[in-house]
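S.K.: My structure file final36.txt, compact mmCIF, C-alpha atoms, is below:
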```txt
# COMPACT_ATOMS: atom_id res chain seq x y z
CA MET A 1 104.20 96.71 125.92
CA GLY A 2 105.64 94.30 128.49
CA GLY A 3 102.25 92.68 129.10
CA LYS A 4 101.06 95.43 131.45
CA ILE A 5 97.59 96.88 131.13
CA THR A 6 98.47 100.53 131.80
CA PRO A 7 102.19 101.13 131.22
CA ARG A 8 103.49 104.69 131.26
CA LEU A 9 106.27 105.29 128.76
CA LYS A 10 108.46 108.35 128.41
CA ARG A 11 108.93 109.51 124.81
CA PRO A 12 112.44 110.40 123.63
CA ASP A 13 111.32 113.94 122.69
CA GLY A 14 111.09 116.02 125.85
CA ASN A 15 108.25 118.13 124.38
CA GLN A 16 106.11 115.07 123.81
CA GLY A 17 105.48 114.39 127.48
CA ALA A 18 104.31 110.96 128.62
CA LEU A 19 102.42 108.26 126.76
CA GLU A 20 99.76 106.26 128.57
CA LEU A 21 98.11 103.07 127.30
CA SER A 22 94.96 101.74 128.89
CA GLY A 23 93.45 98.64 127.34
CA LEU A 24 92.63 99.60 123.74
CA CYS A 25 92.96 103.33 124.37
CA ILE A 26 96.09 105.44 123.99
CA ARG A 27 96.38 108.93 125.45
CA ALA A 28 99.41 111.14 124.87
CA GLN A 29 99.94 114.68 126.08
CA SER A 30 102.23 117.46 124.90
CA ASN A 31 102.79 120.71 126.77
CA GLY A 32 104.45 122.40 123.81
CA THR A 33 106.48 125.56 123.92
CA ARG A 34 105.81 128.69 125.92
CA GLY A 35 104.77 131.93 124.29
CA VAL A 36 102.25 134.74 124.40
CA PRO A 37 99.12 133.59 122.52
CA MET A 38 97.33 136.01 120.23
CA SER A 39 93.68 136.82 120.73
CA ALA A 40 91.31 134.22 119.30
CA GLY A 41 89.61 137.09 117.49
CA ASN A 42 92.65 137.33 115.25
CA PHE A 43 92.24 133.79 113.94
CA VAL A 44 89.87 131.92 111.65
CA PHE A 45 89.16 128.28 112.53
CA GLU A 46 88.09 126.50 109.36
CA GLY A 47 86.47 123.09 109.11
CA ASP A 48 83.61 121.40 110.95
CA CYS A 49 83.91 123.44 114.10
CA LEU A 50 80.51 123.50 115.79
CA PRO A 51 80.06 121.66 119.09
CA PRO A 52 79.10 117.99 118.55
CA GLN A 53 75.66 116.93 119.69
CA PHE A 54 75.59 113.32 120.77
CA SER A 55 72.51 111.16 120.88
CA PRO A 56 71.79 107.56 121.90
CA SER A 57 71.28 106.53 118.26
CA ARG A 58 73.55 103.64 117.25
CA GLU A 59 73.34 104.55 113.58
CA CYS A 60 74.02 108.30 113.73
CA ILE A 61 76.19 110.68 115.74
CA ALA A 62 74.96 114.26 115.42
CA MET A 63 77.81 116.51 114.27
CA PRO A 64 78.12 119.45 111.86
CA THR A 65 79.63 117.48 108.99
CA ALA A 66 78.76 114.38 107.00
CA ILE A 67 81.07 111.37 107.23
CA ILE A 68 79.64 107.94 106.49
CA ASP A 69 81.65 104.93 107.65
CA GLY A 70 80.60 101.66 106.02
CA TYR A 71 81.86 98.11 106.51
CA ILE A 72 80.85 94.82 104.87
CA ALA A 73 82.68 91.54 104.24
CA GLU A 74 84.28 92.96 101.08
CA GLY A 75 85.80 95.96 102.83
CA PHE A 76 85.21 99.56 103.85
CA ALA A 77 83.76 102.74 102.39
CA LEU A 78 84.44 106.24 103.72
CA ILE A 79 82.28 109.03 102.30
CA ALA A 80 82.20 112.73 103.18
CA ASP A 81 80.70 116.01 102.13
CA GLY A 82 82.93 118.85 100.96
CA LEU A 83 81.58 121.78 102.95
CA SER A 84 83.64 123.74 105.47
CA THR A 85 82.01 126.56 107.40
CA ASP A 86 82.74 129.43 109.75
CA PRO A 87 82.04 128.07 113.25
CA GLU A 88 80.33 131.25 114.39
CA THR A 89 78.19 132.20 111.39
CA LYS A 90 77.82 128.81 109.61
CA VAL A 91 78.67 130.67 106.41
CA PRO A 92 80.30 128.26 103.90
CA ARG A 93 84.00 128.87 103.29
CA ARG A 94 84.65 126.10 100.77
CA LYS A 95 82.42 123.54 99.09
CA ASN A 96 85.25 121.47 97.68
CA ASN A 97 87.02 120.65 100.93
CA GLN A 98 88.63 117.22 101.19
CA LYS A 99 87.88 115.20 104.31
CA VAL A 100 88.72 111.64 103.19
CA PHE A 101 92.27 110.56 102.31
CA PRO A 102 93.81 107.20 101.37
CA ALA A 103 96.84 106.21 103.45
CA GLY A 104 98.88 103.21 102.37
CA GLY A 105 102.26 101.81 103.18
CA SER A 106 103.97 98.72 104.42
CA GLY A 107 101.42 95.99 105.18
CA ARG A 108 98.38 98.25 105.16
CA MET A 109 95.57 99.48 102.93
CA LEU A 110 93.87 102.35 104.71
CA ALA A 111 91.93 105.57 104.42
CA TYR A 112 91.28 108.21 107.03
CA ALA A 113 88.67 110.95 107.47
CA LEU A 114 89.05 114.30 109.24
CA TYR A 115 86.43 116.05 111.33
CA GLY A 116 87.01 119.29 113.23
CA THR A 117 89.25 122.31 112.86
CA ALA A 118 91.42 121.50 109.86
CA LYS A 119 92.97 124.94 109.38
CA ILE A 120 93.88 127.85 111.66
CA SER A 121 94.74 131.09 109.87
CA GLY A 122 94.88 134.83 110.53
CA ARG A 123 91.71 136.85 110.22
CA TYR A 124 93.49 140.18 109.69
CA GLY A 125 96.86 140.83 108.11
CA PRO A 126 99.83 138.48 107.75
CA HIS A 127 99.23 135.98 110.55
CA PRO A 128 100.62 132.42 110.39
CA ALA A 129 98.48 129.52 109.16
CA LEU A 130 98.57 125.90 110.29
CA ASP A 131 96.84 123.41 107.97
CA LEU A 132 96.31 120.13 109.85
CA SER A 133 95.00 118.45 106.71
CA ASP A 134 98.33 119.09 104.98
CA GLU A 135 100.21 118.06 108.11
CA ALA A 136 98.32 114.75 108.22
CA GLN A 137 99.15 114.00 104.59
CA GLN A 138 102.80 114.80 105.26
CA ALA A 139 102.84 112.48 108.28
CA VAL A 140 101.33 109.64 106.25
CA MET A 141 103.93 110.09 103.52
CA GLU A 142 106.80 110.20 105.99
CA LEU A 143 105.54 107.02 107.68
CA VAL A 144 105.03 105.02 104.47
CA ASN A 145 107.63 102.46 105.63
CA TYR A 146 106.63 102.54 109.31
CA ASP A 147 105.36 99.07 110.25
CA PRO A 148 104.14 98.72 113.84
CA ALA A 149 102.20 95.70 115.01
CA ASP A 150 98.71 97.18 114.81
CA LEU A 151 96.60 100.04 113.47
CA LEU A 152 96.20 101.59 116.92
CA THR A 153 99.95 102.19 117.16
CA TYR A 154 100.20 103.46 113.58
CA ALA A 155 97.28 105.89 114.00
CA THR A 156 98.72 107.15 117.28
CA GLU A 157 102.05 107.89 115.58
CA VAL A 158 100.38 109.76 112.69
CA CYS A 159 98.28 111.88 115.01
CA GLY A 160 101.17 112.29 117.43
CA ARG A 161 102.92 114.27 114.71
CA LEU A 162 99.91 116.58 114.44
CA GLN A 163 99.94 116.93 118.22
CA LYS A 164 103.61 117.88 118.11
CA ARG A 165 103.03 120.48 115.39
CA LEU A 166 100.21 122.06 117.36
CA ALA A 167 102.47 122.25 120.41
CA GLU A 168 105.28 123.78 118.35
CA TRP A 169 102.89 126.49 117.10
CA LYS A 170 101.70 127.41 120.58
CA GLY A 171 102.14 131.14 121.01
CA ARG A 172 101.76 131.80 117.29
CA ILE A 173 98.19 130.50 116.99
CA GLU A 174 95.24 130.15 119.31
CA TYR A 175 93.75 126.69 119.87
CA PRO A 176 90.03 126.59 118.96
CA CYS A 177 87.46 126.43 121.76
CA THR A 178 84.44 125.87 119.51
CA ALA A 179 83.92 122.15 120.27
CA PRO A 180 83.77 121.24 123.98
CA ASP A 181 84.78 117.65 124.71
CA LEU A 182 81.60 116.44 126.37
CA GLY A 183 82.25 114.81 129.71
CA ASN A 184 85.62 116.55 130.13
CA PRO A 185 85.11 120.06 131.55
CA GLY A 186 87.56 122.63 130.24
CA GLN A 187 88.73 120.35 127.41
CA PHE A 188 88.10 121.09 123.73
CA VAL A 189 88.34 118.92 120.62
CA ILE A 190 90.59 120.28 117.88
CA LEU A 191 90.35 117.44 115.38
CA GLN A 192 89.08 113.88 115.10
CA VAL A 193 90.63 111.36 112.72
CA PHE A 194 88.91 108.11 111.70
CA PHE A 195 91.17 105.34 110.30
CA ARG A 196 89.60 102.45 108.38
CA GLY A 197 91.00 99.57 106.32
CA PHE A 198 93.16 96.47 106.38
CA TYR A 199 96.22 96.24 108.57
CA ARG A 200 98.47 93.22 108.00
CA GLY A 201 95.58 91.56 106.22
CA ALA A 202 92.98 92.08 108.96
CA PRO A 203 90.14 94.65 108.91
CA ALA A 204 90.52 97.32 111.58
CA LYS A 205 89.01 100.60 112.79
CA VAL A 206 90.64 103.25 114.99
CA ASP A 207 89.34 106.68 116.02
CA VAL A 208 91.65 109.42 117.34
CA LYS A 209 90.76 112.66 119.12
CA ILE A 210 93.20 115.58 119.33
CA VAL A 211 92.18 117.79 122.25
CA HIS A 212 93.53 120.66 124.33
CA LYS A 213 93.09 121.74 127.92
CA ASP A 214 94.91 124.44 129.89
CA GLY A 215 97.34 125.01 127.02
CA ALA A 216 98.34 121.34 126.66
CA VAL A 217 97.54 119.25 123.57
CA ALA A 218 96.69 115.57 123.98
CA ILE A 219 95.59 112.67 121.78
CA GLU A 220 93.24 109.81 122.60
CA ALA A 221 93.13 106.78 120.29
CA PHE A 222 90.60 103.94 120.42
CA SER A 223 90.30 100.61 118.59
CA LEU A 224 86.68 99.99 117.60
CA PRO A 225 84.75 96.76 117.03
CA LEU A 226 83.72 95.84 113.49
CA ARG A 227 80.00 95.81 112.66
CA ILE A 228 78.37 95.12 109.30
CA GLY A 229 76.50 98.16 108.00
CA PHE A 230 77.26 101.85 108.20
CA MET A 231 77.46 104.65 110.76
CA THR A 232 76.51 108.22 109.89
CA VAL A 233 78.11 111.31 111.38
CA GLY A 234 75.97 114.33 110.57
CA SER A 235 72.38 115.45 111.03
CA GLN A 236 70.52 112.89 113.09
CA LYS A 237 67.19 114.55 112.31
CA VAL A 238 67.70 114.23 108.55
CA HIS A 239 69.13 110.72 109.03
CA ASP A 240 65.99 109.60 110.86
CA ALA A 241 63.65 111.41 108.48
CA LEU A 242 65.27 109.84 105.41
CA LEU A 243 66.43 106.40 106.50
CA THR A 244 63.60 105.19 108.72
CA ARG A 245 61.94 102.68 106.41
CA LEU A 246 58.32 102.84 107.48
CA TYR A 247 58.16 106.40 108.75
CA PHE A 248 60.41 108.46 106.49
CA ASP A 249 59.45 112.09 105.93
CA PRO A 250 57.55 112.55 102.62
CA SER A 251 59.32 115.88 102.08
CA LEU A 252 62.50 113.86 101.47
CA ALA A 253 60.91 111.32 99.11
CA ALA A 254 63.07 112.52 96.20
CA PHE A 255 66.15 111.30 98.10
CA ARG A 256 64.87 107.78 98.90
CA ILE A 257 66.68 105.12 96.87
CA PRO A 258 66.25 101.30 96.65
CA ALA A 259 69.45 100.60 98.63
CA MET A 260 67.79 102.16 101.68
CA GLU A 261 65.35 99.25 101.74
CA LYS A 262 68.11 96.64 102.11
CA ASN A 263 69.20 94.92 105.31
CA ASP A 264 72.77 95.60 106.39
CA ASP A 265 73.89 92.08 105.46
CA ASP A 266 72.74 92.64 101.86
CA LEU A 267 74.51 95.94 101.27
CA THR A 268 77.36 96.39 98.80
CA LEU A 269 80.01 99.10 98.98
CA ASP A 270 78.29 100.81 96.04
CA ASP A 271 75.02 100.73 97.99
CA ILE A 272 76.62 102.39 101.00
CA ILE A 273 78.13 105.12 98.81
CA SER A 274 74.80 105.75 97.07
CA VAL A 275 72.95 105.98 100.39
CA ALA A 276 75.60 108.35 101.75
CA ALA A 277 75.49 110.62 98.69
CA SER A 278 71.69 110.77 98.80
CA TYR A 279 71.77 111.53 102.53
CA ILE A 280 74.22 114.42 101.99
CA ARG A 281 72.05 115.83 99.20
CA ALA A 282 69.02 115.57 101.49
CA CYS A 283 70.84 117.56 104.18
CA GLU A 284 71.73 120.18 101.58
CA SER A 285 68.16 120.50 100.32
CA GLU A 286 65.62 123.07 101.44
CA ALA A 287 63.51 120.31 102.96
CA GLY A 288 66.47 118.91 104.88
CA ARG A 289 67.37 122.31 106.29
CA LYS A 290 63.80 122.82 107.45
CA ILE A 291 63.98 119.49 109.28
CA ASP A 292 67.30 120.37 110.94
CA PRO A 293 68.06 124.11 110.74
CA ASP A 294 71.04 123.76 113.11
CA ILE A 295 73.23 121.05 111.58
CA ALA A 296 71.92 120.48 108.02
CA PRO A 297 73.21 123.90 106.78
CA THR A 298 76.75 122.79 107.70
CA ILE A 299 76.54 119.80 105.34
CA GLY A 300 76.87 119.85 101.55
CA GLY A 301 79.34 120.55 98.79
CA ARG A 302 81.23 117.97 96.77
CA VAL A 303 80.68 114.36 97.86
CA HIS A 304 83.83 112.23 97.73
CA ALA A 305 84.30 108.58 98.65
CA VAL A 306 87.06 106.01 99.05
CA THR A 307 86.67 102.23 99.10
CA ILE A 308 89.21 99.96 100.79
CA THR A 309 89.34 96.28 99.86
CA MET A 310 91.99 93.56 100.07
CA ARG A 311 91.83 93.16 96.29
CA ASP A 312 92.12 96.79 95.18
CA GLY A 313 93.47 98.63 98.20
CA ALA A 314 92.32 102.21 98.79
CA ARG A 315 90.73 103.75 95.69
CA TRP A 316 88.45 106.61 94.80
CA ALA A 317 84.96 105.27 94.18
CA GLU A 318 83.85 105.70 90.59
CA GLY A 319 82.17 109.06 90.16
CA TYR A 320 83.19 110.25 93.63
CA ALA A 321 86.86 111.18 93.30
CA HIS A 322 88.06 114.39 94.84
CA PRO A 323 89.35 116.60 92.01
CA ASN A 324 92.84 116.87 93.55
CA GLY A 325 92.50 120.62 93.24
CA GLU A 326 93.00 122.45 96.51
CA ILE A 327 94.34 119.44 98.42
CA GLY A 328 95.62 116.81 95.97
CA ILE A 329 96.64 113.42 97.37
CA PRO A 330 98.23 110.24 96.05
CA ILE A 331 96.45 106.88 96.03
CA LEU A 332 98.36 103.81 97.15
CA HIS A 333 97.50 100.85 94.90
CA ALA A 334 97.52 97.49 96.66
CA ALA A 335 98.97 95.58 93.72
CA SER A 336 101.99 97.72 92.94
CA ASN A 337 102.63 99.32 96.38
CA SER A 338 103.58 102.47 94.46
CA LEU A 339 102.20 105.97 94.68
CA SER A 340 100.31 107.55 91.81
CA SER A 341 97.55 110.10 91.38
CA GLN A 342 94.05 109.03 90.41
CA THR A 343 91.19 111.37 89.66
```
Since I need it in another form, could you write the structure as structure tokens?
M.R.:
Amino acid sequence: MGGKITPRLKRPDGNQGALELSGLCIRAQSNGTRGVPMSAGNFVFEGDCLPPQFSPSRECIAMPTAIIDGYIAEGFALIADGLSTDPETKVPRRKNNQKVFPAGGSGRMLAYALYGTAKISGRYGPHPALDLSDEAQQAVMELVNYDPADLLTYATEVCGRLQKRLAEWKGRIEYPCTAPDLGNPGQFVILQVFFRGFYRGAPAKVDVKIVHKDGAVAIEAFSLPLRIGFMTVGSQKVHDALLTRLYFDPSLAAFRIPAMEKNDDDLTLDDIISVAASYIRACESEAGRKIDPDIAPTIGGRVHAVTITMRDGARWAEGYAHPNGEIGIPILHAASNSLSSQT
């Protein structure tokens, strides 16, 4: 980008606004189209929509979903629960929701995970519906031959298309205000997207936030450092009660497995998936919900997991494939660079 630290570039699409890069962070803003928004009471925001609760824990970020992000020398594992809930009542809407998706293409073997409001639909009568999960899959497919220099640029382009769609729908839908962006008064998180995998042969991690404030939609993308081990997004209370080696809660003893006794350097991808699945089941259990009555009830449903390695590319982990029912996706095989379904 011309060697400057914080260039400001104008996008060719007038609706897209300006693009700012600052170090390893990209922020783009879109003002969208004008219109008269409908009342938020007319819309259902579906997904993991409760306000995030951050803590100083390095191993767990407290949020109302379960996404486990693992990395070892062999590659990555992304694991998620399948529960989506009503943000106001915590009542489950679907237990087979898909939150992890492979995303391949030219020079990359990736997967991404979604956290936040994945779908906005009418509560009463024939209102429009915007499914950001479907929009993300469409963006990935359309960009299969897109080959920028790094994962940060690729992830920004994928999420920029979601940003544009949200701006185009302004006036027909209401943006959710269920997840305040902590530290940014008046700003709310719509969706977070976690990209993991190999880009041009190198392991890489990028997180993207799609936010809105005063009617404008923006994206913020960050490159993250690599660290051996795994990070848990979900119930910190259940995480600590289950995964603390010497002081784990006896009420969760049924969910303790041998892999939890290993050091990070000794973990395999299968170990990380097994730990993640056991953790999700612990959150879903009666004991887990007693330990954390606020966040644990928002976690559960079908566990699904993707591994990403240089040898095999992005694949469903054995026994943890999403059934390709409500939201079917293709898997990009590293060897053939062709798209096919795998269940």
S.K.: Quick check, in Å to one decimal: how far apart do CA of Ala103 in chain A and CA of Ile273 in chain A lie?
M.R.: 19.3 Å
S.K.: Could you please determine the separation between CA of Asn97 in chain A and CA of Ala179 in chain A in Å, to one decimal place?
M.R.: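 Distance between the two atoms: 19.6 Å.
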S.K.: As a PDB file with C-alpha atoms, keeping the file's coordinate frame, please: the residues near Glu142 in chain A (cut-off 10 Å, only C-alpha atoms, same-chain neighbours under 4 positions excluded).
M.R.:
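Output (around-v2.pdb):
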```
ATOM      1  CA  GLY A 105     102.260 101.810 103.180  1.00  0.00           C
ATOM      2  CA  ALA A 136      98.320 114.750 108.220  1.00  0.00           C
ATOM      3  CA  GLN A 137      99.150 114.000 104.590  1.00  0.00           C
ATOM      4  CA  GLN A 138     102.800 114.800 105.260  1.00  0.00           C
ATOM      5  CA  TYR A 146     106.630 102.540 109.310  1.00  0.00           C
ATOM      6  CA  VAL A 158     100.380 109.760 112.690  1.00  0.00           C
TER       7      VAL A 158
END
```
S.K.: Grab the CA of Pro203 in chain A to CA of Val100 in chain A distance for me, in Å with one decimal place.
M.R.: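 Answer for the CA of Pro203 in chain A to CA of Val100 in chain A separation: 18.0 Å.
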S.K.: List the spatial neighbours of Leu162 in chain A as a count of residues only - criterion: any atom at most 9 Å away, only C-alpha atoms, same-chain residues fewer than 4 positions off excluded.
M.R.: 8
S.K.: Which residue gives the smallest distance to Ala296 in chain A among A:Val238, A:Ala253, A:Ile190, A:Val275, with all atoms listed in the file counted?
M.R.: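 Using all atoms listed in the file, Ala296 in chain A sits closest to A:Val238.
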